[in-house]
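Next comes coords.csv, a file with CSV, C-alpha atoms.
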```csv
chain,number,residue,atom,x,y,z
A,15,GLY,CA,-8.2,6.7,-92.9
A,16,PRO,CA,-7.2,3.5,-91.1
A,17,ILE,CA,-5.3,3.4,-87.8
A,18,LYS,CA,-5.3,-0.4,-87.4
A,19,LYS,CA,-6.3,-2.4,-90.5
A,20,GLU,CA,-9.9,-3.6,-90.5
A,21,LYS,CA,-10.2,-2.6,-86.8
A,22,THR,CA,-9.7,1.2,-86.1
A,23,PHE,CA,-10.4,4.1,-88.4
A,24,PHE,CA,-10.3,7.9,-88.0
A,25,PHE,CA,-12.0,10.9,-89.7
A,26,VAL,CA,-10.9,14.5,-89.4
A,27,ASP,CA,-12.3,17.7,-90.9
A,28,PHE,CA,-11.6,21.4,-90.5
A,29,GLU,CA,-13.6,24.4,-91.7
A,30,LYS,CA,-12.7,28.1,-91.6
A,31,LEU,CA,-15.2,30.8,-92.1
A,32,ARG,CA,-14.8,34.5,-92.9
A,33,ILE,CA,-17.8,36.7,-93.7
A,34,GLN,CA,-18.0,40.5,-94.2
A,35,ASP,CA,-21.4,42.0,-94.6
A,36,PRO,CA,-22.3,45.7,-95.1
A,37,VAL,CA,-24.3,47.4,-92.4
A,38,GLU,CA,-26.0,50.6,-93.7
A,39,ILE,CA,-26.5,53.3,-91.1
A,40,ASN,CA,-28.9,56.2,-91.7
A,41,ALA,CA,-29.5,58.5,-88.8
A,42,PHE,CA,-30.5,62.0,-87.6
A,43,VAL,CA,-27.5,63.5,-85.8
A,44,PRO,CA,-27.0,67.0,-84.4
A,45,THR,CA,-25.5,69.6,-86.8
A,46,LYS,CA,-22.4,71.6,-85.9
A,47,ALA,CA,-24.6,74.6,-85.1
A,48,GLU,CA,-27.0,72.6,-82.9
A,49,ARG,CA,-24.0,71.2,-80.9
A,50,GLY,CA,-23.3,74.8,-79.9
A,51,GLY,CA,-27.0,75.5,-79.0
A,52,ASP,CA,-28.0,77.2,-82.3
A,53,PHE,CA,-31.3,75.9,-83.5
A,54,ARG,CA,-32.2,78.9,-85.7
A,55,ASN,CA,-31.8,76.8,-88.9
A,56,THR,CA,-33.5,73.7,-87.6
A,57,PHE,CA,-36.6,72.8,-89.6
A,58,VAL,CA,-39.2,70.1,-89.6
A,59,LEU,CA,-42.1,69.2,-91.9
A,60,CYS,CA,-45.5,70.6,-90.9
A,61,THR,CA,-48.0,67.8,-90.2
A,62,ASP,CA,-50.9,69.7,-88.7
A,63,ALA,CA,-52.4,72.8,-90.3
A,64,GLY,CA,-53.8,73.7,-86.9
A,65,GLN,CA,-50.3,74.7,-85.9
A,66,GLY,CA,-50.4,77.7,-88.3
A,67,CYS,CA,-48.3,76.1,-91.0
A,68,THR,CA,-48.8,74.4,-94.4
A,69,VAL,CA,-48.9,70.6,-94.2
A,70,GLY,CA,-45.9,69.0,-95.9
A,71,GLN,CA,-43.9,72.2,-96.0
A,72,PRO,CA,-40.8,73.0,-93.9
A,73,VAL,CA,-41.3,75.0,-90.7
A,74,GLN,CA,-38.9,76.2,-88.1
A,75,GLN,CA,-38.8,74.0,-85.1
A,76,ARG,CA,-39.1,76.4,-82.1
A,77,ILE,CA,-37.4,75.7,-78.8
A,78,PHE,CA,-38.1,77.3,-75.4
A,79,ASN,CA,-36.3,77.6,-72.1
A,80,PRO,CA,-37.5,75.0,-69.5
A,81,LEU,CA,-35.1,76.4,-66.9
A,82,ALA,CA,-37.3,79.6,-66.7
A,83,GLN,CA,-40.7,78.1,-67.1
A,84,ASP,CA,-43.8,79.6,-65.5
A,85,LEU,CA,-45.4,76.8,-63.6
A,86,SER,CA,-48.6,78.8,-62.9
A,87,SER,CA,-49.3,79.3,-66.6
A,88,GLY,CA,-47.6,76.1,-67.7
A,89,THR,CA,-45.5,78.0,-70.3
A,90,ARG,CA,-41.9,78.5,-71.1
A,91,PRO,CA,-40.3,81.7,-72.4
A,92,ASP,CA,-38.0,82.2,-75.4
A,93,PHE,CA,-34.2,82.3,-74.9
A,94,ALA,CA,-32.5,85.7,-75.0
A,95,VAL,CA,-32.2,85.1,-78.7
A,96,PRO,CA,-35.1,82.9,-80.0
A,97,ASN,CA,-33.9,79.4,-80.8
A,98,LEU,CA,-30.4,80.1,-79.5
A,99,ILE,CA,-29.6,78.5,-76.2
A,100,ASP,CA,-27.7,80.9,-73.9
A,101,SER,CA,-24.2,79.6,-73.5
A,102,ASN,CA,-24.4,79.8,-69.7
A,103,LEU,CA,-27.4,77.4,-69.8
A,104,ILE,CA,-25.6,74.6,-71.7
A,105,ASP,CA,-25.0,71.7,-69.4
A,106,PRO,CA,-21.3,70.5,-69.5
A,107,ILE,CA,-22.3,66.8,-69.4
A,108,GLY,CA,-25.0,67.3,-72.0
A,109,GLN,CA,-22.3,69.0,-74.2
A,110,LYS,CA,-19.9,66.1,-73.9
A,111,ILE,CA,-22.7,63.6,-74.7
A,112,ILE,CA,-23.9,65.4,-77.8
A,113,ASN,CA,-20.3,65.6,-79.1
A,114,LEU,CA,-20.2,61.8,-79.1
A,115,TYR,CA,-22.5,61.9,-82.1
A,116,PRO,CA,-20.7,61.8,-85.5
A,117,LEU,CA,-21.0,64.9,-87.6
A,118,PRO,CA,-23.6,64.9,-90.4
A,119,THR,CA,-22.4,63.6,-93.8
A,120,ILE,CA,-25.3,65.3,-95.6
A,121,ASP,CA,-25.3,69.1,-95.1
A,122,ASP,CA,-28.4,69.8,-97.2
A,123,ALA,CA,-30.7,67.0,-95.9
A,124,ALA,CA,-34.3,67.9,-96.3
A,125,PRO,CA,-36.4,68.2,-93.2
A,126,GLY,CA,-37.6,64.8,-92.0
A,127,THR,CA,-34.8,62.9,-93.9
A,128,PRO,CA,-31.6,61.5,-92.3
A,129,ASN,CA,-28.5,63.8,-92.4
A,130,PHE,CA,-26.0,61.0,-91.7
A,131,HIS,CA,-25.1,58.0,-93.9
A,132,GLN,CA,-22.3,55.5,-93.4
A,133,VAL,CA,-21.7,51.9,-94.3
A,134,VAL,CA,-19.6,49.7,-91.9
A,135,LEU,CA,-18.7,46.0,-92.1
A,136,SER,CA,-20.1,43.3,-89.9
A,137,ARG,CA,-17.3,40.8,-89.5
A,138,THR,CA,-17.6,37.1,-88.7
A,139,ASP,CA,-14.5,34.9,-88.3
A,140,GLY,CA,-14.6,31.3,-87.2
A,141,TRP,CA,-13.4,27.8,-87.4
A,142,GLN,CA,-14.7,24.4,-86.6
A,143,PHE,CA,-13.2,20.9,-86.6
A,144,ASP,CA,-14.4,17.3,-85.9
A,145,VAL,CA,-12.4,14.3,-84.9
A,146,LYS,CA,-14.0,10.8,-85.1
A,147,VAL,CA,-12.6,7.4,-84.3
A,148,ASP,CA,-14.3,4.1,-85.0
A,149,HIS,CA,-13.2,0.7,-83.6
A,150,HIS,CA,-14.5,-2.7,-84.5
A,151,PHE,CA,-13.9,-5.1,-81.6
A,152,ASN,CA,-15.5,-7.9,-83.7
A,153,ASP,CA,-18.5,-8.5,-86.0
A,154,LYS,CA,-20.8,-8.0,-83.0
A,155,ASN,CA,-19.4,-4.9,-81.3
A,156,HIS,CA,-18.6,-1.5,-82.7
A,157,LEU,CA,-17.5,1.6,-80.7
A,158,SER,CA,-17.3,5.2,-82.0
A,159,ALA,CA,-16.2,8.5,-80.4
A,160,ARG,CA,-16.4,12.0,-81.7
A,161,TYR,CA,-15.2,15.4,-80.5
A,162,SER,CA,-16.2,18.7,-82.2
A,163,GLN,CA,-15.2,22.3,-81.4
A,164,LEU,CA,-16.4,25.6,-82.9
A,165,HIS,CA,-15.1,29.1,-82.3
A,166,ASN,CA,-16.8,32.2,-83.9
A,167,THR,CA,-16.2,35.9,-83.3
A,168,ASN,CA,-18.7,38.5,-84.6
A,169,GLY,CA,-18.7,42.3,-84.3
A,170,VAL,CA,-19.9,45.5,-85.8
A,171,PRO,CA,-17.9,48.7,-85.0
A,172,THR,CA,-19.6,51.4,-83.0
A,173,VAL,CA,-20.9,54.4,-84.9
A,174,LEU,CA,-24.0,55.1,-82.8
A,175,GLY,CA,-24.3,51.9,-80.8
A,176,ASN,CA,-28.0,51.8,-81.9
A,177,GLY,CA,-29.9,48.5,-82.0
A,178,ASP,CA,-32.2,49.9,-84.8
A,179,VAL,CA,-29.2,50.2,-87.2
A,180,GLY,CA,-27.4,47.2,-85.8
A,181,ASP,CA,-24.0,48.6,-84.9
A,182,GLY,CA,-21.9,48.5,-81.7
A,183,PHE,CA,-21.3,45.0,-80.3
A,184,ASP,CA,-18.9,42.1,-80.1
A,185,SER,CA,-19.7,38.5,-79.5
A,186,VAL,CA,-17.7,35.3,-79.1
A,187,THR,CA,-19.1,31.8,-79.4
A,188,ASP,CA,-17.3,28.7,-78.2
A,189,VAL,CA,-18.9,25.3,-78.5
A,190,HIS,CA,-17.5,21.9,-77.4
A,191,ASN,CA,-19.4,18.7,-78.2
A,192,ALA,CA,-18.4,15.0,-77.5
A,193,VAL,CA,-20.2,11.7,-78.2
A,194,LEU,CA,-19.4,8.1,-77.3
A,195,GLU,CA,-21.6,5.4,-78.9
A,196,ASP,CA,-21.5,1.6,-78.7
A,197,ASN,CA,-23.4,-0.8,-80.9
A,198,TRP,CA,-23.6,-4.5,-79.8
A,199,SER,CA,-25.3,-7.3,-81.6
A,200,PRO,CA,-25.4,-10.3,-79.3
A,201,THR,CA,-27.5,-12.2,-81.9
A,202,GLY,CA,-28.3,-11.8,-85.5
A,203,ASN,CA,-31.7,-10.2,-84.8
A,204,LEU,CA,-30.7,-7.9,-81.8
A,205,VAL,CA,-28.9,-4.6,-81.7
A,206,TRP,CA,-28.3,-2.8,-78.5
A,207,THR,CA,-27.1,0.9,-78.8
A,208,ASN,CA,-25.8,3.0,-75.9
A,209,ARG,CA,-25.0,6.6,-76.4
A,210,PHE,CA,-23.5,9.3,-74.1
A,211,ALA,CA,-23.1,12.9,-75.2
A,212,ILE,CA,-22.1,16.3,-73.7
A,213,ASP,CA,-22.5,19.8,-75.2
A,214,ARG,CA,-21.0,22.9,-73.8
A,215,ALA,CA,-21.6,26.4,-75.3
A,216,VAL,CA,-20.3,29.8,-74.1
A,217,ALA,CA,-21.5,32.9,-76.0
A,218,PRO,CA,-21.0,36.3,-74.2
A,219,VAL,CA,-22.0,39.5,-76.0
A,220,THR,CA,-20.2,42.8,-75.1
A,221,GLU,CA,-20.5,46.3,-76.4
A,222,ASN,CA,-17.6,48.3,-77.8
A,223,TYR,CA,-18.8,51.8,-76.7
A,224,PRO,CA,-16.5,54.5,-75.4
A,225,LYS,CA,-15.9,54.1,-71.7
A,226,LEU,CA,-17.3,56.5,-69.1
A,227,ASP,CA,-14.0,57.4,-67.7
A,228,THR,CA,-12.7,58.5,-71.1
A,229,VAL,CA,-15.7,60.8,-71.7
A,230,PHE,CA,-16.5,62.1,-68.2
A,231,ASN,CA,-13.3,62.8,-66.4
A,232,ALA,CA,-13.9,66.1,-64.7
A,233,PRO,CA,-14.5,66.2,-60.9
A,234,GLY,CA,-18.1,67.1,-61.4
A,235,ASP,CA,-18.6,64.1,-63.7
A,236,ALA,CA,-17.5,61.6,-61.0
A,237,ILE,CA,-21.1,60.5,-60.2
A,238,LEU,CA,-21.6,59.1,-63.7
A,239,SER,CA,-18.4,57.1,-63.7
A,240,GLN,CA,-19.4,55.3,-60.5
A,241,VAL,CA,-22.8,54.0,-61.6
A,242,ASN,CA,-23.0,50.4,-60.5
A,243,GLY,CA,-19.3,50.3,-60.5
A,244,LEU,CA,-19.2,49.9,-64.3
A,245,THR,CA,-17.6,51.9,-67.0
A,246,ARG,CA,-20.3,51.3,-69.7
A,247,MET,CA,-21.9,54.3,-71.4
A,248,PRO,CA,-25.6,54.6,-70.5
A,249,VAL,CA,-28.3,54.6,-73.1
A,250,ILE,CA,-29.0,58.1,-74.4
A,251,GLN,CA,-32.5,58.0,-75.8
A,252,VAL,CA,-34.0,60.7,-77.9
A,253,ASP,CA,-37.1,60.9,-80.0
A,254,ASN,CA,-38.7,62.1,-83.3
A,255,ASN,CA,-36.1,63.6,-85.7
A,256,ALA,CA,-33.2,62.4,-83.6
A,257,THR,CA,-31.3,59.1,-83.3
A,258,SER,CA,-30.5,57.5,-79.9
A,259,ILE,CA,-27.0,56.3,-79.1
A,260,TYR,CA,-25.8,53.3,-77.1
A,261,SER,CA,-29.2,51.7,-77.3
A,262,GLN,CA,-28.0,48.4,-78.8
A,263,CYS,CA,-30.0,45.6,-77.2
A,264,CYS,CA,-28.5,42.7,-75.3
A,265,THR,CA,-24.9,43.7,-74.8
A,266,ASP,CA,-23.0,42.8,-71.7
A,267,THR,CA,-24.7,39.4,-71.8
A,268,GLY,CA,-23.2,36.4,-70.1
A,269,PHE,CA,-24.5,33.2,-71.6
A,270,ALA,CA,-23.5,29.5,-71.3
A,271,HIS,CA,-25.2,26.2,-71.3
A,272,THR,CA,-24.3,22.6,-70.7
A,273,LEU,CA,-26.4,19.7,-72.1
A,274,ASP,CA,-25.7,16.1,-70.8
A,275,SER,CA,-27.6,13.3,-72.5
A,276,TYR,CA,-27.6,9.5,-72.5
A,277,SER,CA,-29.8,6.9,-74.2
A,278,SER,CA,-30.1,3.2,-74.5
A,279,SER,CA,-32.2,1.3,-77.1
A,280,LEU,CA,-32.7,-2.2,-78.1
A,281,SER,CA,-33.8,-3.1,-81.7
A,282,TRP,CA,-35.3,-6.6,-82.2
A,283,VAL,CA,-36.1,-8.1,-85.5
A,284,ARG,CA,-39.0,-10.6,-85.1
A,285,GLY,CA,-40.2,-12.1,-88.3
A,286,ARG,CA,-41.5,-9.3,-90.5
A,287,HIS,CA,-41.5,-6.8,-87.5
A,288,ILE,CA,-38.9,-4.6,-86.0
A,289,LEU,CA,-39.5,-3.7,-82.3
A,290,LYS,CA,-37.5,-1.0,-80.6
A,291,PHE,CA,-37.3,-0.4,-76.8
A,292,GLY,CA,-35.3,2.2,-74.9
A,293,GLY,CA,-35.1,5.5,-73.2
A,294,GLU,CA,-33.3,8.8,-73.2
A,295,GLN,CA,-32.6,11.5,-70.7
A,296,ARG,CA,-31.3,15.0,-71.3
A,297,ILE,CA,-30.2,17.3,-68.5
A,298,PHE,CA,-29.9,20.9,-69.6
A,299,PHE,CA,-28.2,23.7,-67.5
A,300,ASN,CA,-28.7,27.2,-68.8
A,301,ASN,CA,-26.8,30.1,-67.3
A,302,PHE,CA,-27.9,33.6,-68.4
A,303,PHE,CA,-27.1,37.1,-67.1
A,304,GLN,CA,-28.2,40.2,-68.9
A,305,PRO,CA,-28.1,43.8,-67.4
A,306,ASN,CA,-30.8,45.8,-69.2
A,307,PRO,CA,-28.9,48.2,-69.4
A,308,PRO,CA,-26.4,48.1,-66.5
A,309,THR,CA,-25.8,51.9,-66.3
A,310,GLY,CA,-29.3,53.0,-66.9
A,311,LEU,CA,-31.2,55.0,-69.5
A,312,PHE,CA,-31.5,58.7,-69.9
A,313,HIS,CA,-34.4,60.0,-72.0
A,314,PHE,CA,-34.5,63.4,-73.6
A,315,THR,CA,-37.6,64.4,-75.5
A,316,GLN,CA,-39.1,67.3,-77.5
A,317,ALA,CA,-41.6,67.9,-74.7
A,318,GLU,CA,-38.9,69.4,-72.4
A,319,THR,CA,-38.3,72.3,-74.7
A,320,GLU,CA,-41.7,73.0,-76.2
A,321,GLN,CA,-43.6,76.2,-75.2
A,322,VAL,CA,-46.7,74.9,-73.4
A,323,ILE,CA,-46.0,72.1,-70.9
A,324,GLY,CA,-47.6,68.9,-72.0
A,325,ASP,CA,-48.9,70.3,-75.3
A,326,LEU,CA,-46.9,67.8,-77.4
A,327,ASN,CA,-46.7,70.3,-80.2
A,328,PRO,CA,-45.0,68.5,-83.2
A,329,ILE,CA,-43.2,71.7,-84.4
A,330,GLN,CA,-41.9,72.8,-81.1
A,331,GLY,CA,-39.2,71.3,-78.8
A,332,ASN,CA,-36.1,69.4,-79.8
A,333,SER,CA,-34.5,66.3,-78.2
A,334,PHE,CA,-31.0,67.6,-78.9
A,335,ALA,CA,-31.8,70.9,-77.2
A,336,SER,CA,-33.2,69.1,-74.2
A,337,LEU,CA,-29.9,67.1,-74.0
A,338,LEU,CA,-27.8,70.2,-74.2
A,339,LEU,CA,-29.7,71.8,-71.4
A,340,GLY,CA,-29.4,68.6,-69.3
A,341,TYR,CA,-33.2,68.6,-68.9
A,342,GLY,CA,-34.5,65.1,-69.5
A,343,ASP,CA,-37.4,62.8,-68.9
A,344,PRO,CA,-37.1,60.5,-65.9
A,345,GLY,CA,-34.4,57.8,-66.4
A,346,THR,CA,-34.6,54.1,-65.6
A,347,SER,CA,-32.4,51.3,-64.5
A,348,SER,CA,-33.2,47.6,-64.3
A,349,LEU,CA,-31.5,44.2,-64.0
A,350,SER,CA,-32.7,40.9,-65.3
A,351,VAL,CA,-31.0,37.7,-64.1
A,352,PHE,CA,-31.7,34.0,-64.9
A,353,LYS,CA,-29.2,31.5,-63.6
A,354,SER,CA,-28.7,27.8,-63.3
A,355,VAL,CA,-31.9,26.5,-64.8
A,356,ALA,CA,-32.0,22.8,-65.2
A,357,ASN,CA,-34.6,20.9,-67.3
A,358,LYS,CA,-34.8,17.1,-67.3
```

Just give me the structure as structure tokens.
Amino acid sequence: GPIKKEKTFFFVDFEKLRIQDPVEINAFVPTKAERGGDFRNTFVLCTDAGQGCTVGQPVQQRIFNPLAQDLSSGTRPDFAVPNLIDSNLIDPIGQKIINLYPLPTIDDAAPGTPNFHQVVLSRTDGWQFDVKVDHHFNDKNHLSARYSQLHNTNGVPTVLGNGDVGDGFDSVTDVHNAVLEDNWSPTGNLVWTNRFAIDRAVAPVTENYPKLDTVFNAPGDAILSQVNGLTRMPVIQVDNNATSIYSQCCTDTGFAHTLDSYSSSLSWVRGRHILKFGGEQRIFFNNFFQPNPPTGLFHFTQAETEQVIGDLNPIQGNSFASLLLGYGDPGTSSLSVFKSVANK
């Protein structure tokens, strides 16, 4: 609409967005019996007849005691009751971690098939608006200005916090964009255009995991709650017929960029030709910070509870049993930082 007749005009728009998409989660989670150390009803599919089983048929997944292993022979003994972890051997922190898993939703899942199924909603809410003003000084000079802003929030609730299934993160995106442009025609065959623009985007991503101090609050747990001075849950990585938790990639990311640009061009109509001269410069500042992951990764594998050390027997050992015993593979911690990078 007009602000000043035949001189100044404005344009405004507003857009609101709301999206809800289903996220299907299928996972292998510990059963109620396994959470208490009882693996007598834990079965897997036989994949190698050389293990004394029929390929494709269920076979009991045996676990052995790594806390009483014979290093000279490279073997581990049974527990007092085979496939039942002695209650005094269960690690209290491992117990708390395994209880962070949701309970199975499928009680009679066949060996090798997920025993947990849930659908959650990914939610995106946002809005965007533009404001533009045009002013005609005269027939030879026209000035326009525009300002745009966008705000989006996106998140998926935490069930497992697993990047493979896509749950467990929140993100916010804010973008500001402004442009000023002048078009001047000193003569009928010349147009000189000058344009200035700035773009600013901020888009952090955070996780919505349970906090360390709400899970590990006993005096003996204090070391975990002080890692890097953060309260983020570490990645608990397991393998084979087990699903990791809190392994969602790229959370706790700080991201922002600023783009400044300006250009000037002259268009000249000469007979049947149009010649254009000019230049443009863009200065891009990118700020990026991403711990990977900030409180480390703890890896629990089948190998820690198989009978023969290093045998990698596919029907022996269980990641959840290794976790309950607090007996894991070496953990890792790393940090990746890229800040204040300018490109011209």

A:Asp343, A:Glu20, A:Asp27, A:Glu318 ranked by distance to Trp141 (chain A), top pick (using all atoms listed in the file)
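The answer is A:Asp27, which sits nearest to Trp141 (chain A).
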
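Counting all atoms listed in the file and comparing A:Cys264, A:Val193, A:Ala217, A:Leu103, the residue that lies closest to Leu339 (chain A) is A:Leu103.
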
One number please: CA of Ile250 (chain A) to CA of Pro305 (chain A), in Å, one decimal.
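Those two atoms sit 15.9 Å apart.
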
Closest atom pairs, region 199-308 of chain A residues within 12 Å of region 180-185 of chain A, all atoms listed in the file, as JSON lines:
```
{"residue": "A:Val216", "atom": "CA", "partner": "A:Ser185", "partner_atom": "CA", "distance": 10.3}
{"residue": "A:Ala217", "atom": "CA", "partner": "A:Ser185", "partner_atom": "CA", "distance": 6.8}
{"residue": "A:Pro218", "atom": "CA", "partner": "A:Ser185", "partner_atom": "CA", "distance": 5.9}
{"residue": "A:Val219", "atom": "CA", "partner": "A:Ser185", "partner_atom": "CA", "distance": 4.3}
{"residue": "A:Thr220", "atom": "CA", "partner": "A:Asp184", "partner_atom": "CA", "distance": 5.2}
{"residue": "A:Glu221", "atom": "CA", "partner": "A:Phe183", "partner_atom": "CA", "distance": 4.2}
{"residue": "A:Asn222", "atom": "CA", "partner": "A:Phe183", "partner_atom": "CA", "distance": 5.6}
{"residue": "A:Tyr223", "atom": "CA", "partner": "A:Gly182", "partner_atom": "CA", "distance": 6.7}
{"residue": "A:Pro224", "atom": "CA", "partner": "A:Gly182", "partner_atom": "CA", "distance": 10.2}
{"residue": "A:Met247", "atom": "CA", "partner": "A:Gly182", "partner_atom": "CA", "distance": 11.8}
{"residue": "A:Ile259", "atom": "CA", "partner": "A:Gly182", "partner_atom": "CA", "distance": 9.7}
{"residue": "A:Tyr260", "atom": "CA", "partner": "A:Gly182", "partner_atom": "CA", "distance": 7.7}
{"residue": "A:Ser261", "atom": "CA", "partner": "A:Gly182", "partner_atom": "CA", "distance": 9.1}
{"residue": "A:Gln262", "atom": "CA", "partner": "A:Gly182", "partner_atom": "CA", "distance": 6.8}
{"residue": "A:Cys263", "atom": "CA", "partner": "A:Gly180", "partner_atom": "CA", "distance": 9.1}
{"residue": "A:Cys264", "atom": "CA", "partner": "A:Phe183", "partner_atom": "CA", "distance": 9.1}
{"residue": "A:Thr265", "atom": "CA", "partner": "A:Phe183", "partner_atom": "CA", "distance": 6.7}
{"residue": "A:Asp266", "atom": "CA", "partner": "A:Phe183", "partner_atom": "CA", "distance": 9.0}
{"residue": "A:Thr267", "atom": "CA", "partner": "A:Ser185", "partner_atom": "CA", "distance": 9.2}
{"residue": "A:Gly268", "atom": "CA", "partner": "A:Ser185", "partner_atom": "CA", "distance": 10.2}
{"residue": "A:Phe269", "atom": "CA", "partner": "A:Ser185", "partner_atom": "CA", "distance": 10.7}
```

For the residues in the current selection, export C-alpha atoms as a PDB file, in the frame of the given file.
```pdb
ATOM      1  CA  VAL A 216     -20.300  29.800 -74.100  1.00  0.00           C
ATOM      2  CA  ALA A 217     -21.500  32.900 -76.000  1.00  0.00           C
ATOM      3  CA  PRO A 218     -21.000  36.300 -74.200  1.00  0.00           C
ATOM      4  CA  VAL A 219     -22.000  39.500 -76.000  1.00  0.00           C
ATOM      5  CA  THR A 220     -20.200  42.800 -75.100  1.00  0.00           C
ATOM      6  CA  GLU A 221     -20.500  46.300 -76.400  1.00  0.00           C
ATOM      7  CA  ASN A 222     -17.600  48.300 -77.800  1.00  0.00           C
ATOM      8  CA  TYR A 223     -18.800  51.800 -76.700  1.00  0.00           C
ATOM      9  CA  PRO A 224     -16.500  54.500 -75.400  1.00  0.00           C
ATOM     10  CA  MET A 247     -21.900  54.300 -71.400  1.00  0.00           C
ATOM     11  CA  ILE A 259     -27.000  56.300 -79.100  1.00  0.00           C
ATOM     12  CA  TYR A 260     -25.800  53.300 -77.100  1.00  0.00           C
ATOM     13  CA  SER A 261     -29.200  51.700 -77.300  1.00  0.00           C
ATOM     14  CA  GLN A 262     -28.000  48.400 -78.800  1.00  0.00           C
ATOM     15  CA  CYS A 263     -30.000  45.600 -77.200  1.00  0.00           C
ATOM     16  CA  CYS A 264     -28.500  42.700 -75.300  1.00  0.00           C
ATOM     17  CA  THR A 265     -24.900  43.700 -74.800  1.00  0.00           C
ATOM     18  CA  ASP A 266     -23.000  42.800 -71.700  1.00  0.00           C
ATOM     19  CA  THR A 267     -24.700  39.400 -71.800  1.00  0.00           C
ATOM     20  CA  GLY A 268     -23.200  36.400 -70.100  1.00  0.00           C
ATOM     21  CA  PHE A 269     -24.500  33.200 -71.600  1.00  0.00           C
TER      22      PHE A 269
END
```

From the list A:Thr119, A:Gln295, A:Asn255, A:Ser281, which residue is nearest Gly331 (chain A) when using all atoms listed in the file?
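Distance minimum relative to Gly331 (chain A) lands on A:Asn255.
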
Which one of A:Gln163, A:Lys154, A:Lys30, A:Leu326 sits closest to Asn254 (chain A) if you count all atoms listed in the file?
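For Asn254 (chain A), the nearest of the candidates is A:Leu326.
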
Counting only C-alpha atoms, the option among A:Leu194, A:Arg49, A:Val249, A:Ile288 closest to Ser101 (chain A)
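So, comparing all the options, the nearest one is A:Arg49.
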
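Near (-18.0, 20.9, -84.0), the residues inside the 10 Å limit, counting all atoms listed in the file, come to Asp27, Phe28, Glu29, Trp141, Gln142, Phe143, Asp144, Val145, Arg160, Tyr161, Ser162, Gln163, Leu164, His165, Asp188, Val189, His190, Asn191, Ala192 and Asp213 of chain A.
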
So which residues touch Asn97 (chain A) within 8 Å, counting only C-alpha atoms, skipping near sequence neighbours fewer than 4 positions away, as a list of chain:residue names?
A:Asp52, A:Phe53, A:Arg54, A:Arg76, A:Ile77, A:Phe78, A:Asp92, A:Phe93

I need the residue nearest Gly342 (chain A) from this list: A:Phe314, A:Tyr276, A:Phe299, A:Tyr115. Use only C-alpha atoms for the distance.
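Smallest separation from Gly342 (chain A) among the options: A:Phe314.
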
CA of Ala317 (chain A) to CA of Val179 (chain A), distance in Å rounded to a single decimal:
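The value is 25.0 Å.
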
Any idea what the distance is between CA of Phe210 (chain A) and CA of Ser278 (chain A)?
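That distance, rounded to one decimal, is 9.0 Å.
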
Where atoms are absent from region 275-286 of chain A, fill them in so it carries N, CA and C atoms, then output it as a PDB file, in the coordinates of the input.
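This is the output file result15.pdb:
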```pdb
ATOM      1  N   SER A 275     -26.566  14.219 -72.035  1.00  0.00           N
ATOM      2  CA  SER A 275     -27.600  13.300 -72.500  1.00  0.00           C
ATOM      3  C   SER A 275     -27.069  11.889 -72.568  1.00  0.00           C
ATOM      4  N   TYR A 276     -27.940  10.924 -72.304  1.00  0.00           N
ATOM      5  CA  TYR A 276     -27.600   9.500 -72.500  1.00  0.00           C
ATOM      6  C   TYR A 276     -28.833   8.769 -72.905  1.00  0.00           C
ATOM      7  N   SER A 277     -28.619   7.727 -73.678  1.00  0.00           N
ATOM      8  CA  SER A 277     -29.800   6.900 -74.200  1.00  0.00           C
ATOM      9  C   SER A 277     -29.319   5.488 -74.344  1.00  0.00           C
ATOM     10  N   SER A 278     -30.304   4.627 -74.279  1.00  0.00           N
ATOM     11  CA  SER A 278     -30.100   3.200 -74.500  1.00  0.00           C
ATOM     12  C   SER A 278     -31.294   2.644 -75.219  1.00  0.00           C
ATOM     13  N   SER A 279     -31.069   1.901 -76.297  1.00  0.00           N
ATOM     14  CA  SER A 279     -32.200   1.300 -77.100  1.00  0.00           C
ATOM     15  C   SER A 279     -31.827  -0.051 -77.573  1.00  0.00           C
ATOM     16  N   LEU A 280     -32.851  -0.866 -77.652  1.00  0.00           N
ATOM     17  CA  LEU A 280     -32.700  -2.200 -78.100  1.00  0.00           C
ATOM     18  C   LEU A 280     -33.614  -2.447 -79.324  1.00  0.00           C
ATOM     19  N   SER A 281     -33.037  -2.840 -80.452  1.00  0.00           N
ATOM     20  CA  SER A 281     -33.800  -3.100 -81.700  1.00  0.00           C
ATOM     21  C   SER A 281     -33.857  -4.653 -81.851  1.00  0.00           C
ATOM     22  N   TRP A 282     -35.074  -5.160 -82.059  1.00  0.00           N
ATOM     23  CA  TRP A 282     -35.300  -6.600 -82.200  1.00  0.00           C
ATOM     24  C   TRP A 282     -36.073  -6.912 -83.424  1.00  0.00           C
ATOM     25  N   VAL A 283     -35.452  -7.703 -84.276  1.00  0.00           N
ATOM     26  CA  VAL A 283     -36.100  -8.100 -85.500  1.00  0.00           C
ATOM     27  C   VAL A 283     -36.854  -9.423 -85.225  1.00  0.00           C
ATOM     28  N   ARG A 284     -38.175  -9.397 -85.382  1.00  0.00           N
ATOM     29  CA  ARG A 284     -39.000 -10.600 -85.100  1.00  0.00           C
ATOM     30  C   ARG A 284     -39.901 -10.827 -86.309  1.00  0.00           C
ATOM     31  N   GLY A 285     -39.487 -11.812 -87.125  1.00  0.00           N
ATOM     32  CA  GLY A 285     -40.200 -12.100 -88.300  1.00  0.00           C
ATOM     33  C   GLY A 285     -40.220 -10.898 -89.272  1.00  0.00           C
ATOM     34  N   ARG A 286     -41.427 -10.416 -89.607  1.00  0.00           N
ATOM     35  CA  ARG A 286     -41.500  -9.300 -90.500  1.00  0.00           C
ATOM     36  C   ARG A 286     -41.677  -7.952 -89.695  1.00  0.00           C
TER      37      ARG A 286
END
```
